[in-house]
Amino acid sequence: MNFLMKLRREIGRLLRERATWLFIAFTVAGAVWFCLNSNGTTATDAYVLTTAKNSAVLGALLFTLLTLIQFHRDYKNNTDTIILTCTDPLGHQLRRTLALLCAAVVTTLLVSLFALPYALIQTGSYFQLSAFAAAWYLVFFGALVLSILLASGLYMLLRRVEAAFIAMMGLITLSVLLESMYALNPSYQLFWVQTNAAAFSDLVNNQILIDLIVYNRLFCVPAAAAVWLLGLCCQRRYGRGIAGSFRGNARRIWPPALLAAVIICAALSYACEPLFDNSVAMDYGIDYESGTGMIMIVSSDEEEEDMAVTLTGKTVDLSVDTQRRTAAGTAVYTLQNTSGEPQDLTLTMNSGYTIQSASVNGRAVQATRDREEVSGSATWHIALPADETIRLSLSYGGRIQNDGSLSQTPVYGISDGYLWLPPDGVSPNAEVPVAEDCDFSARLTLDESLIPDFADANTQTVDTGDGKTTWVIKGTGYAGTGVIAAEYRTKTFQAGGLTVQLKYFAKQTAEIESMDAVNVIQAALDYFTDTYGALPYDNALTILELPASFSGGFAAGNTSAMDETCFAAAGYLPGEGSTPDEGSGIDTIVHELAHQWWGLATYPLSDDASWWSAEGITCYSTYCFMKEYFGEAYANAHFTDVWQDGWETYQNAFYVQHPEYLSKLSDDDASRVMAALHSIGLYDIMPLQLLEAEEAAGGQETFQSKLADLYQYNLCYYITYEDFLFMTELTEEALNIA
Amino acid sequence: MELIFLKIELKNLHKTYKGGKAALKGLNLTLASPSLIGLVGPNGAGKSTLMKLLTANLLPSTGEILMDGLPLAHKEKELKAGLGYLPQEFGLLEDLTTAQFLDYMAALKGMDANSARAEIDRVIGLTHLQDKRKAKIRTLSGGQKQRVGIAQALLGAPNLLIFDEPTVGLDPAERVAFRSLFTDTAKSRLVILSTHIIEDVQSACDHLIVLNHGEVLYTGTPDGLIREKNTASLEKAYMALMNGRACA
């Protein structure tokens with residue numbers, strides 16, 4: 001009661017000061033300005049998340065100043081001499097900090113008075129309360145809280161206002177700069193000011209990204225509280241220095257006990273965050289070898305050939321709990337062991353899952369997990385007997401994790417309204433050869449509102465009941481599939497001789513009819529079919545919409561997928577006058593469609609001597625269509641000019657000019673540098689080389705005709721650089737752009 | 001006013017600052033209520049250090065301070081609950097009014113709202129700040145701020161009042177009034193007055209402590225010092241004491 005009475009007076013004192021209101025006013029004005037001047041990839045991103053993130057940086061800066069002024073002024077003016085003589089200094093610093101936190105609450109409420117109606121107006125029917133709350137109350141308010149705790153803690157610790165200010169500026173700058181430090185791939189938990197959440201979706205639930213923010217705050221708050229408590233423990237008393245004061249203050253048990261508790265909380269929160277695996281940085285060069293990640297598939301097949309165990313059947317039953325964001329299932333494997341000896345079966349499974357039980361031919365067996373995690377997967381081992389026919393049953397489940405070494409933005413996850421599970425998130429993958437007649441079947445139970453799209457699986461039947469839908473897929477010759485599910489609606493149309501299913505998010509139902517993107521898709525499919533030839537499958541081509549956070553697209557099987565911003569050509573974003581990022585989404589759509597010809601129907605195979613890959617020829621093909629559909633000016637602006645810039649960047653790159661320094665980097669760093677340079681080679685240099693080839697071949701029409709021959713001759717096969725040169729009757733010199 | 005008994009004993013009290021400067025050298029004193037004790041001495045004598053030790057803002061290097069027989073380190077909470085302190089240099093919360101500041105200080109001293117209200121009225125009356133009750137502190141003159149400082153020290157009728165140069169900045173009439181206030185307060189409390197102004201001590205204090213170079217030169221009544229030095233005034237007696245010391 002006494003503490004609350006004193007706290008009330010402290011809050012009253014703070015809120016009666018003009019300086020406090022000046023800082024509150026600047027913060028609110030800044031937030032309003034950011035609201036009116038933000039941009040982003042979606043309406044929710046532009047008018048909610050980006051605004052809150054920018055405001056968080058300003059707020060952190062201003063509340064750092066307010067905190068330091070409050071603490072230092074009373075010390076410097078000797079006000080503390082009176083105050084701290086008649087009250088407990090530790091309790092007073094606690095009340096002073098809580099009063100500042102109340103000022104942060106007032107600021108956030110005032111900002112909300114503008115930001116909420118503004119977001120409601122700007123995002124219209126796409127408004128998501130959870131996204132608004134996460135952006136403004138976790139990101140923005142969180143940044144204010146953290147800046148108060150850190151600034152006051154550092155001030156009490158250092159007892160010098162200029163040192164505390166410099167330290168805080170360093171921490172704020174570091175948090176902001178981390179967003180562009182891709183090479184370091186810093187943990188998302190370190191972005192204490194603005195978090196690294198980006199590209200909130202308008203069309204699906206953003207819970208996966210909100211979880212990212214929540215777990216960031218679950219680490220940052222105890223970490224900042226630890227700094228604050230350390231400062232409190234070092235609060236100078238009795239004329240002593242930092243160590244003497246710590247000893248004096250630590251005579252009361254609660255400050256050091258609380259300090260130990262929050263340090264443990266922060267450490268546990270950092271170590272046990274559930275969104276990413278603990279894999280070490282991977283060699284990006286491998287992923288870029290073919291431009292499609294295909295080299296990994298090839299090498300995998302080679303490894304499997306020597307194994308004595310073959311998979312002949314697999315049955316999976318997986319149930320997804322979108323409320324708890326977990327999945328649990330069983331998998332039964334039928335294996336043939338032709339060695340006549342016991343074998344060690346290796347299974348790879350998403351690192352967020354655990355195998356709860358395993359049995360072989362009815363007998364319980366132990367499944368052991370390796371410590372290492374690679375690319376979001378953990379490796380498990382099960383001892384198989386010498387029996388020829390083995391029936392392995394597994395019970396498994398958990399919360400899906402992402403590859404932390406690749407990126408600190410989650411792609412996979414489960415949320416209410418949207419989920420994406422990779423193949424090893426649907427079922428454990430047995431690292432053995434799969435028999436050509438291997439029967440695969442899977443039952444996937446989802447909320448009834450979710451419509452799944454299975455990679456590499458084309459048979460689906462539906463069983464509905466109790467608010468859940470069970471989807472059954474069956475196939476032969478493969479043993480796993482990933483799944484993306486959302487509240488999808490399907491628009492079916494004909495293009496390029498195929499039935500095309502455009503699966504778009506239900507929230508877009510009203511807009512999809514008038515969407516220009518559909519017309520472009522139809523025209524592109526017709527163009528590629530007419531130019532290169534038909535695709536080699538009879539069933540439907542699926543075009544799948546992904547959330548904005550995916551940031552781009554991909555093509556796999558008979559699916560081309562791209563994020564929701566790619567459909568921005570239709571102008572679905574509200575408020576034409578303040579449309580977020582112009583982007584070039586339609587380019588991505590067409591690029592991913594072109595991959596059906598280059599990368600899926602044929603496999604342009606990279607080598608160590610050239611930039612030849614599926615990406616280069618896909619970029620070139622996309623350019624050709626865009627030039628015809630949108631005109632030369634558009635194609636130059638969106639393609640050739642960009643490629644030329646990339647080429648110049650490559651030529652001027654430090655490690656290109658001084659490759660001898662590359663060997664002085666660590667393997668990881670050298671790998672990341674090479675990956676960045678390799679990417680320019682695939683996406684910019686090779687397309688420029690193909691433009692040279694076009695000229696050397698006698699013009700675009702002739703060159704396209706030769707590419708058609710190349711496509712049709714190599715349908716369902718690899719295409720090497722030599723194949724390309726042979727078929728187009730060109731030499732390497734003809735492609736020289738130097 | 002209720003008589004409060006308080007006894008503070010300083011036993012072989014030493015304070016040496018970092019760098020080796022000895023501010024106090026083996027002080028042995030007993031300070032008991034009710035009394036108005038004048039603490040005088042030249043600059044650097046150790047007066048402010050002694051004040052800080054008595055208010056638990058500093059810890060002694062050696063020796064101890066006993067409060068009612070117990071070490072001060074064990075009675076810090078009780079000390080703060082019954083302490084009114086006016087340091088020589090102090091700042092106030094400039095954006096508050098006089099009444100708001102006193103209300104804030106009353107809360108810090110643990111007074112409930114009702115008793116705080118009455119107490120604020122009392123100390124505002126004692127310090128003649130009635131017309132400045134609703135004035136922002138930043139608008140007050142130096143003397144008025146000094147009175148607000150005295151008022152906050154008097155809040156809650158503390159057992160122990162320590163004033164460091166309280167009459168600096170006050171006009172002569174105010175100085176006389178506050179001397180009278182300190183004398184009245186000291187009838188039931190222990191009041192320690194550190195000052196350069198010998199006149200304040202002569203007219204108000206019933207006990208005198210003279211410090212120089214961290215040592216006690218004299219402790220006793222002001223009249224006792226006058227008699228000892230056979231002078232006409234306390235000021236002359238004080239000068240004689242200081243000169244004698246210097247000559248010795």
# chains A, B, ... in the order shown; residues from 1 in each chain; ligands from 1
call {"tool": "interface_residues", "arguments": {"of": "chain B", "to": "chain A", "cutoff": "8 Å", "atoms": "only C-alpha atoms", "output": "list in words"}}
result
Thr55, Ala56, Asn57, Leu58, Leu59, Lys77, Lys80, Ala81, Leu83, Gly84, Tyr85, Leu86, Pro87, Glu89, Phe90, Gly91, Leu92, Leu93, Asp95, Leu96, Tyr104, Met105, Ala107, Leu108, Lys109 and Gly110 of chain B
call {"tool": "write_last_selection", "arguments": {"atoms": "N, CA and C atoms", "output": "PDB file, in the first residue's frame"}}
result
ATOM      1  N   THR B  55      23.423  11.049   8.302  1.00  0.00           N
ATOM      2  CA  THR B  55      22.226  10.755   7.498  1.00  0.00           C
ATOM      3  C   THR B  55      22.369   9.452   6.718  1.00  0.00           C
ATOM      4  N   ALA B  56      23.412   8.693   7.034  1.00  0.00           N
ATOM      5  CA  ALA B  56      23.658   7.384   6.397  1.00  0.00           C
ATOM      6  C   ALA B  56      23.889   7.499   4.893  1.00  0.00           C
ATOM      7  N   ASN B  57      24.350   8.675   4.455  1.00  0.00           N
ATOM      8  CA  ASN B  57      24.749   8.806   3.050  1.00  0.00           C
ATOM      9  C   ASN B  57      26.202   8.384   2.851  1.00  0.00           C
ATOM     10  N   LEU B  58      26.929   8.264   3.955  1.00  0.00           N
ATOM     11  CA  LEU B  58      28.317   7.790   3.934  1.00  0.00           C
ATOM     12  C   LEU B  58      28.489   6.770   5.047  1.00  0.00           C
ATOM     13  N   LEU B  59      29.453   5.899   4.871  1.00  0.00           N
ATOM     14  CA  LEU B  59      29.808   4.984   5.956  1.00  0.00           C
ATOM     15  C   LEU B  59      31.180   5.382   6.491  1.00  0.00           C
ATOM     16  N   LYS B  77      16.730   2.156   8.451  1.00  0.00           N
ATOM     17  CA  LYS B  77      15.319   2.344   8.106  1.00  0.00           C
ATOM     18  C   LYS B  77      14.637   3.263   9.131  1.00  0.00           C
ATOM     19  N   LYS B  80      15.822   6.861   8.695  1.00  0.00           N
ATOM     20  CA  LYS B  80      15.202   7.578   7.568  1.00  0.00           C
ATOM     21  C   LYS B  80      13.747   7.912   7.863  1.00  0.00           C
ATOM     22  N   ALA B  81      13.102   7.038   8.644  1.00  0.00           N
ATOM     23  CA  ALA B  81      11.693   7.280   8.970  1.00  0.00           C
ATOM     24  C   ALA B  81      11.535   8.496   9.859  1.00  0.00           C
ATOM     25  N   LEU B  83      13.847  11.211  10.075  1.00  0.00           N
ATOM     26  CA  LEU B  83      14.901  12.174   9.760  1.00  0.00           C
ATOM     27  C   LEU B  83      14.365  13.299   8.880  1.00  0.00           C
ATOM     28  N   GLY B  84      14.717  14.517   9.258  1.00  0.00           N
ATOM     29  CA  GLY B  84      14.467  15.662   8.386  1.00  0.00           C
ATOM     30  C   GLY B  84      15.818  16.245   8.028  1.00  0.00           C
ATOM     31  N   TYR B  85      16.090  16.354   6.724  1.00  0.00           N
ATOM     32  CA  TYR B  85      17.446  16.741   6.325  1.00  0.00           C
ATOM     33  C   TYR B  85      17.384  17.839   5.283  1.00  0.00           C
ATOM     34  N   LEU B  86      18.160  18.857   5.520  1.00  0.00           N
ATOM     35  CA  LEU B  86      18.304  19.907   4.510  1.00  0.00           C
ATOM     36  C   LEU B  86      19.784  20.037   4.199  1.00  0.00           C
ATOM     37  N   PRO B  87      20.201  19.523   3.044  1.00  0.00           N
ATOM     38  CA  PRO B  87      21.621  19.641   2.700  1.00  0.00           C
ATOM     39  C   PRO B  87      21.963  21.071   2.288  1.00  0.00           C
ATOM     40  N   GLU B  89      23.531  22.034  -0.433  1.00  0.00           N
ATOM     41  CA  GLU B  89      23.146  22.213  -1.840  1.00  0.00           C
ATOM     42  C   GLU B  89      22.083  21.190  -2.156  1.00  0.00           C
ATOM     43  N   PHE B  90      20.979  21.651  -2.654  1.00  0.00           N
ATOM     44  CA  PHE B  90      19.903  20.709  -2.971  1.00  0.00           C
ATOM     45  C   PHE B  90      19.086  21.244  -4.150  1.00  0.00           C
ATOM     46  N   GLY B  91      18.429  20.340  -4.819  1.00  0.00           N
ATOM     47  CA  GLY B  91      17.543  20.712  -5.910  1.00  0.00           C
ATOM     48  C   GLY B  91      16.129  20.299  -5.564  1.00  0.00           C
ATOM     49  N   LEU B  92      15.180  20.998  -6.150  1.00  0.00           N
ATOM     50  CA  LEU B  92      13.773  20.656  -5.933  1.00  0.00           C
ATOM     51  C   LEU B  92      13.159  20.245  -7.259  1.00  0.00           C
ATOM     52  N   LEU B  93      11.987  19.686  -7.203  1.00  0.00           N
ATOM     53  CA  LEU B  93      11.310  19.262  -8.444  1.00  0.00           C
ATOM     54  C   LEU B  93      10.585  20.475  -9.010  1.00  0.00           C
ATOM     55  N   ASP B  95       9.003  21.443 -11.603  1.00  0.00           N
ATOM     56  CA  ASP B  95       7.711  21.508 -12.301  1.00  0.00           C
ATOM     57  C   ASP B  95       6.523  21.327 -11.364  1.00  0.00           C
ATOM     58  N   LEU B  96       6.811  21.048 -10.089  1.00  0.00           N
ATOM     59  CA  LEU B  96       5.714  20.888  -9.131  1.00  0.00           C
ATOM     60  C   LEU B  96       5.464  22.207  -8.419  1.00  0.00           C
ATOM     61  N   TYR B 104       4.494  15.176  -2.342  1.00  0.00           N
ATOM     62  CA  TYR B 104       5.374  14.116  -2.862  1.00  0.00           C
ATOM     63  C   TYR B 104       6.347  13.665  -1.769  1.00  0.00           C
ATOM     64  N   MET B 105       6.933  14.628  -1.076  1.00  0.00           N
ATOM     65  CA  MET B 105       7.890  14.290  -0.020  1.00  0.00           C
ATOM     66  C   MET B 105       7.194  13.596   1.149  1.00  0.00           C
ATOM     67  N   ALA B 107       4.648  11.677   0.926  1.00  0.00           N
ATOM     68  CA  ALA B 107       4.422  10.275   0.528  1.00  0.00           C
ATOM     69  C   ALA B 107       5.711   9.476   0.688  1.00  0.00           C
ATOM     70  N   LEU B 108       6.837  10.076   0.286  1.00  0.00           N
ATOM     71  CA  LEU B 108       8.116   9.363   0.425  1.00  0.00           C
ATOM     72  C   LEU B 108       8.416   9.070   1.897  1.00  0.00           C
ATOM     73  N   LYS B 109       7.944   9.976   2.773  1.00  0.00           N
ATOM     74  CA  LYS B 109       8.174   9.765   4.204  1.00  0.00           C
ATOM     75  C   LYS B 109       7.130   8.834   4.814  1.00  0.00           C
ATOM     76  N   GLY B 110       6.236   8.346   3.961  1.00  0.00           N
ATOM     77  CA  GLY B 110       5.291   7.316   4.412  1.00  0.00           C
ATOM     78  C   GLY B 110       4.035   7.852   5.056  1.00  0.00           C
TER      79      GLY B 110
END
call {"tool": "select_by_dssp", "arguments": {"residues": "segment 236-439 of chain A", "states": "strand (DSSP E or B)", "output": "PyMOL selection string"}}
result
chain A and resi 276+309-321+326-337+343-350+353-360+363-365+367-374+377-384+389-398+402+413-415+418-421+429-430+434-439
call {"tool": "residues_around", "arguments": {"residues": "segment 232-239 of chain B", "least_positions_apart": "5", "cutoff": "8 Å", "atoms": "only C-alpha atoms", "output": "ChimeraX atom specification"}}
result
/B:198-199,202,222-223,225-226
call {"tool": "write_last_selection", "arguments": {"atoms": "all heavy atoms", "output": "PDB file, in the first residue's frame"}}
result
ATOM      1  N   ILE B 198      27.988  32.546  12.968  1.00  0.00           N
ATOM      2  CA  ILE B 198      28.142  32.392  14.413  1.00  0.00           C
ATOM      3  C   ILE B 198      26.941  32.984  15.151  1.00  0.00           C
ATOM      4  O   ILE B 198      26.498  32.480  16.170  1.00  0.00           O
ATOM      5  CB  ILE B 198      29.454  33.057  14.886  1.00  0.00           C
ATOM      6  CG1 ILE B 198      30.636  32.392  14.168  1.00  0.00           C
ATOM      7  CG2 ILE B 198      29.619  32.949  16.398  1.00  0.00           C
ATOM      8  CD1 ILE B 198      30.818  30.930  14.457  1.00  0.00           C
ATOM      9  N   GLU B 199      26.386  34.034  14.548  1.00  0.00           N
ATOM     10  CA  GLU B 199      25.232  34.712  15.146  1.00  0.00           C
ATOM     11  C   GLU B 199      24.066  33.746  15.336  1.00  0.00           C
ATOM     12  O   GLU B 199      23.362  33.782  16.337  1.00  0.00           O
ATOM     13  CB  GLU B 199      24.838  35.869  14.221  1.00  0.00           C
ATOM     14  CG  GLU B 199      23.918  36.874  14.849  1.00  0.00           C
ATOM     15  CD  GLU B 199      23.475  37.898  13.796  1.00  0.00           C
ATOM     16  OE1 GLU B 199      24.134  38.002  12.743  1.00  0.00           O
ATOM     17  OE2 GLU B 199      22.460  38.550  14.037  1.00  0.00           O
ATOM     18  N   GLN B 202      24.910  31.538  18.334  1.00  0.00           N
ATOM     19  CA  GLN B 202      24.884  32.233  19.622  1.00  0.00           C
ATOM     20  C   GLN B 202      23.459  32.443  20.117  1.00  0.00           C
ATOM     21  O   GLN B 202      23.171  32.286  21.291  1.00  0.00           O
ATOM     22  CB  GLN B 202      25.592  33.578  19.495  1.00  0.00           C
ATOM     23  CG  GLN B 202      25.730  34.290  20.825  1.00  0.00           C
ATOM     24  CD  GLN B 202      26.667  35.487  20.741  1.00  0.00           C
ATOM     25  OE1 GLN B 202      27.026  35.947  19.667  1.00  0.00           O
ATOM     26  NE2 GLN B 202      27.087  35.989  21.906  1.00  0.00           N
ATOM     27  N   PRO B 222      27.686  27.432  24.068  1.00  0.00           N
ATOM     28  CA  PRO B 222      28.286  28.640  23.505  1.00  0.00           C
ATOM     29  C   PRO B 222      28.829  29.552  24.611  1.00  0.00           C
ATOM     30  O   PRO B 222      29.926  30.107  24.485  1.00  0.00           O
ATOM     31  CB  PRO B 222      27.126  29.305  22.758  1.00  0.00           C
ATOM     32  CG  PRO B 222      26.208  28.194  22.433  1.00  0.00           C
ATOM     33  CD  PRO B 222      26.316  27.226  23.562  1.00  0.00           C
ATOM     34  N   ASP B 223      28.076  29.690  25.703  1.00  0.00           N
ATOM     35  CA  ASP B 223      28.540  30.539  26.800  1.00  0.00           C
ATOM     36  C   ASP B 223      29.827  29.993  27.402  1.00  0.00           C
ATOM     37  O   ASP B 223      30.718  30.768  27.822  1.00  0.00           O
ATOM     38  CB  ASP B 223      27.458  30.620  27.889  1.00  0.00           C
ATOM     39  CG  ASP B 223      26.272  31.449  27.418  1.00  0.00           C
ATOM     40  OD1 ASP B 223      26.439  32.180  26.397  1.00  0.00           O
ATOM     41  OD2 ASP B 223      25.201  31.338  28.013  1.00  0.00           O
ATOM     42  N   LEU B 225      32.196  28.500  25.851  1.00  0.00           N
ATOM     43  CA  LEU B 225      33.326  28.877  24.990  1.00  0.00           C
ATOM     44  C   LEU B 225      33.699  30.343  25.230  1.00  0.00           C
ATOM     45  O   LEU B 225      34.890  30.700  25.278  1.00  0.00           O
ATOM     46  CB  LEU B 225      32.981  28.645  23.518  1.00  0.00           C
ATOM     47  CG  LEU B 225      34.089  28.960  22.524  1.00  0.00           C
ATOM     48  CD1 LEU B 225      35.332  28.086  22.771  1.00  0.00           C
ATOM     49  CD2 LEU B 225      33.625  28.778  21.095  1.00  0.00           C
ATOM     50  N   ILE B 226      32.651  31.186  25.367  1.00  0.00           N
ATOM     51  CA  ILE B 226      32.916  32.612  25.616  1.00  0.00           C
ATOM     52  C   ILE B 226      33.701  32.762  26.920  1.00  0.00           C
ATOM     53  O   ILE B 226      34.687  33.509  27.004  1.00  0.00           O
ATOM     54  CB  ILE B 226      31.583  33.397  25.674  1.00  0.00           C
ATOM     55  CG1 ILE B 226      30.906  33.394  24.291  1.00  0.00           C
ATOM     56  CG2 ILE B 226      31.809  34.828  26.157  1.00  0.00           C
ATOM     57  CD1 ILE B 226      29.488  33.930  24.293  1.00  0.00           C
TER      58      ILE B 226
END
call {"tool": "closest_residue", "arguments": {"among": "B:Gly149, B:Ala204, B:Gly224, B:Leu24", "to": "Asp184 of chain B", "atoms": "only C-alpha atoms"}}
result
B:Ala204
call {"tool": "closest_residue", "arguments": {"among": "A:Asp416, A:Asp387, A:Asp608, A:Asp645", "to": "Thr338 of chain A", "atoms": "only C-alpha atoms"}}
result
A:Asp387
call {"tool": "closest_residue", "arguments": {"among": "A:Ala257, A:Leu268, A:Leu138, A:Leu688", "to": "Tyr623 of chain A", "atoms": "only C-alpha atoms"}}
result
A:Leu688
call {"tool": "residues_around", "arguments": {"residues": "Ala601 of chain A", "least_positions_apart": "5", "cutoff": "9 Å", "atoms": "only C-alpha atoms", "output": "mmCIF file with C-alpha atoms, in the first residue's frame"}}
result
data_model
loop_
_atom_site.group_PDB
_atom_site.id
_atom_site.type_symbol
_atom_site.label_atom_id
_atom_site.label_comp_id
_atom_site.auth_asym_id
_atom_site.auth_seq_id
_atom_site.Cartn_x
_atom_site.Cartn_y
_atom_site.Cartn_z
ATOM 1 C CA LEU A 535 4.477 -29.178 -70.615
ATOM 2 C CA PRO A 536 4.909 -32.923 -70.132
ATOM 3 C CA TYR A 537 1.981 -33.567 -67.776
ATOM 4 C CA GLY A 557 6.163 -30.427 -59.328
ATOM 5 C CA HIS A 595 10.254 -22.431 -64.305
ATOM 6 C CA GLN A 596 7.707 -25.038 -65.340
ATOM 7 C CA TYR A 711 13.463 -27.879 -74.621
ATOM 8 C CA ASN A 714 15.687 -32.643 -73.495
ATOM 9 C CA LEU A 715 12.158 -32.909 -72.113
ATOM 10 C CA CYS A 716 12.353 -34.522 -68.633
ATOM 11 C CA TYR A 717 16.159 -34.628 -68.855
#
call {"tool": "atom_distance", "arguments": {"atom1": "atom CA of Ala134 of chain A", "atom2": "atom CA of Gln207 of chain A"}}
result
9.5 Å
call {"tool": "residues_around", "arguments": {"residues": "Gly681 of chain A", "least_positions_apart": "5", "cutoff": "8 Å", "atoms": "only C-alpha atoms", "output": "ChimeraX atom specification"}}
result
/A:611,647,686
call {"tool": "residues_around", "arguments": {"residues": "segment 139-148 of chain B", "least_positions_apart": "5", "cutoff": "8 Å", "atoms": "only C-alpha atoms", "output": "PyMOL selection string"}}
result
chain B and resi 92+98+127+129+132+166-171
call {"tool": "write_last_selection", "arguments": {"atoms": "C-alpha atoms", "output": "short mmCIF file (atom, residue, chain, number, x, y, z; two decimals), in the first residue's frame"}}
result
data_model
loop_
_atom_site.label_atom_id
_atom_site.label_comp_id
_atom_site.auth_asym_id
_atom_site.auth_seq_id
_atom_site.Cartn_x
_atom_site.Cartn_y
_atom_site.Cartn_z
CA LEU B 92 13.77 20.66 -5.93
CA THR B 98 5.10 23.96 -3.42
CA THR B 127 7.88 28.53 6.72
CA LEU B 129 4.86 29.93 2.25
CA LYS B 132 3.36 30.37 -2.63
CA PRO B 166 19.74 26.56 6.49
CA THR B 167 19.68 30.36 6.68
CA VAL B 168 21.82 31.03 3.65
CA GLY B 169 19.82 33.11 1.18
CA LEU B 170 17.25 34.22 3.75
CA ASP B 171 16.73 37.87 4.53
#
call {"tool": "residues_around", "arguments": {"residues": "His14 of chain B", "least_positions_apart": "2", "cutoff": "8 Å", "atoms": "only C-alpha atoms", "output": "PDB file with C-alpha atoms, in the first residue's frame"}}
result
ATOM      1  CA  ASN B  12      36.265   6.998  17.489  1.00  0.00           C
ATOM      2  CA  THR B  16      39.161   8.905   4.995  1.00  0.00           C
ATOM      3  CA  ALA B  22      41.250  12.283   6.125  1.00  0.00           C
ATOM      4  CA  ALA B  23      37.997  14.211   6.632  1.00  0.00           C
ATOM      5  CA  LEU B  24      37.309  13.102  10.197  1.00  0.00           C
ATOM      6  CA  LYS B  25      39.867  11.919  12.711  1.00  0.00           C
ATOM      7  CA  GLY B  26      38.685   9.965  15.701  1.00  0.00           C
ATOM      8  CA  LEU B  27      35.541  11.853  16.646  1.00  0.00           C
ATOM      9  CA  PRO B  60      32.705   5.649   8.355  1.00  0.00           C
ATOM     10  CA  SER B  61      36.134   4.261   7.545  1.00  0.00           C
ATOM     11  CA  THR B  62      36.500   3.118  11.137  1.00  0.00           C
ATOM     12  CA  GLY B  63      34.611   3.711  14.334  1.00  0.00           C
TER      13      GLY B  63
END
call {"tool": "atom_distance", "arguments": {"atom1": "atom CA of Ala495 of chain A", "atom2": "atom CA of Gly553 of chain A"}}
result
20.1 Å
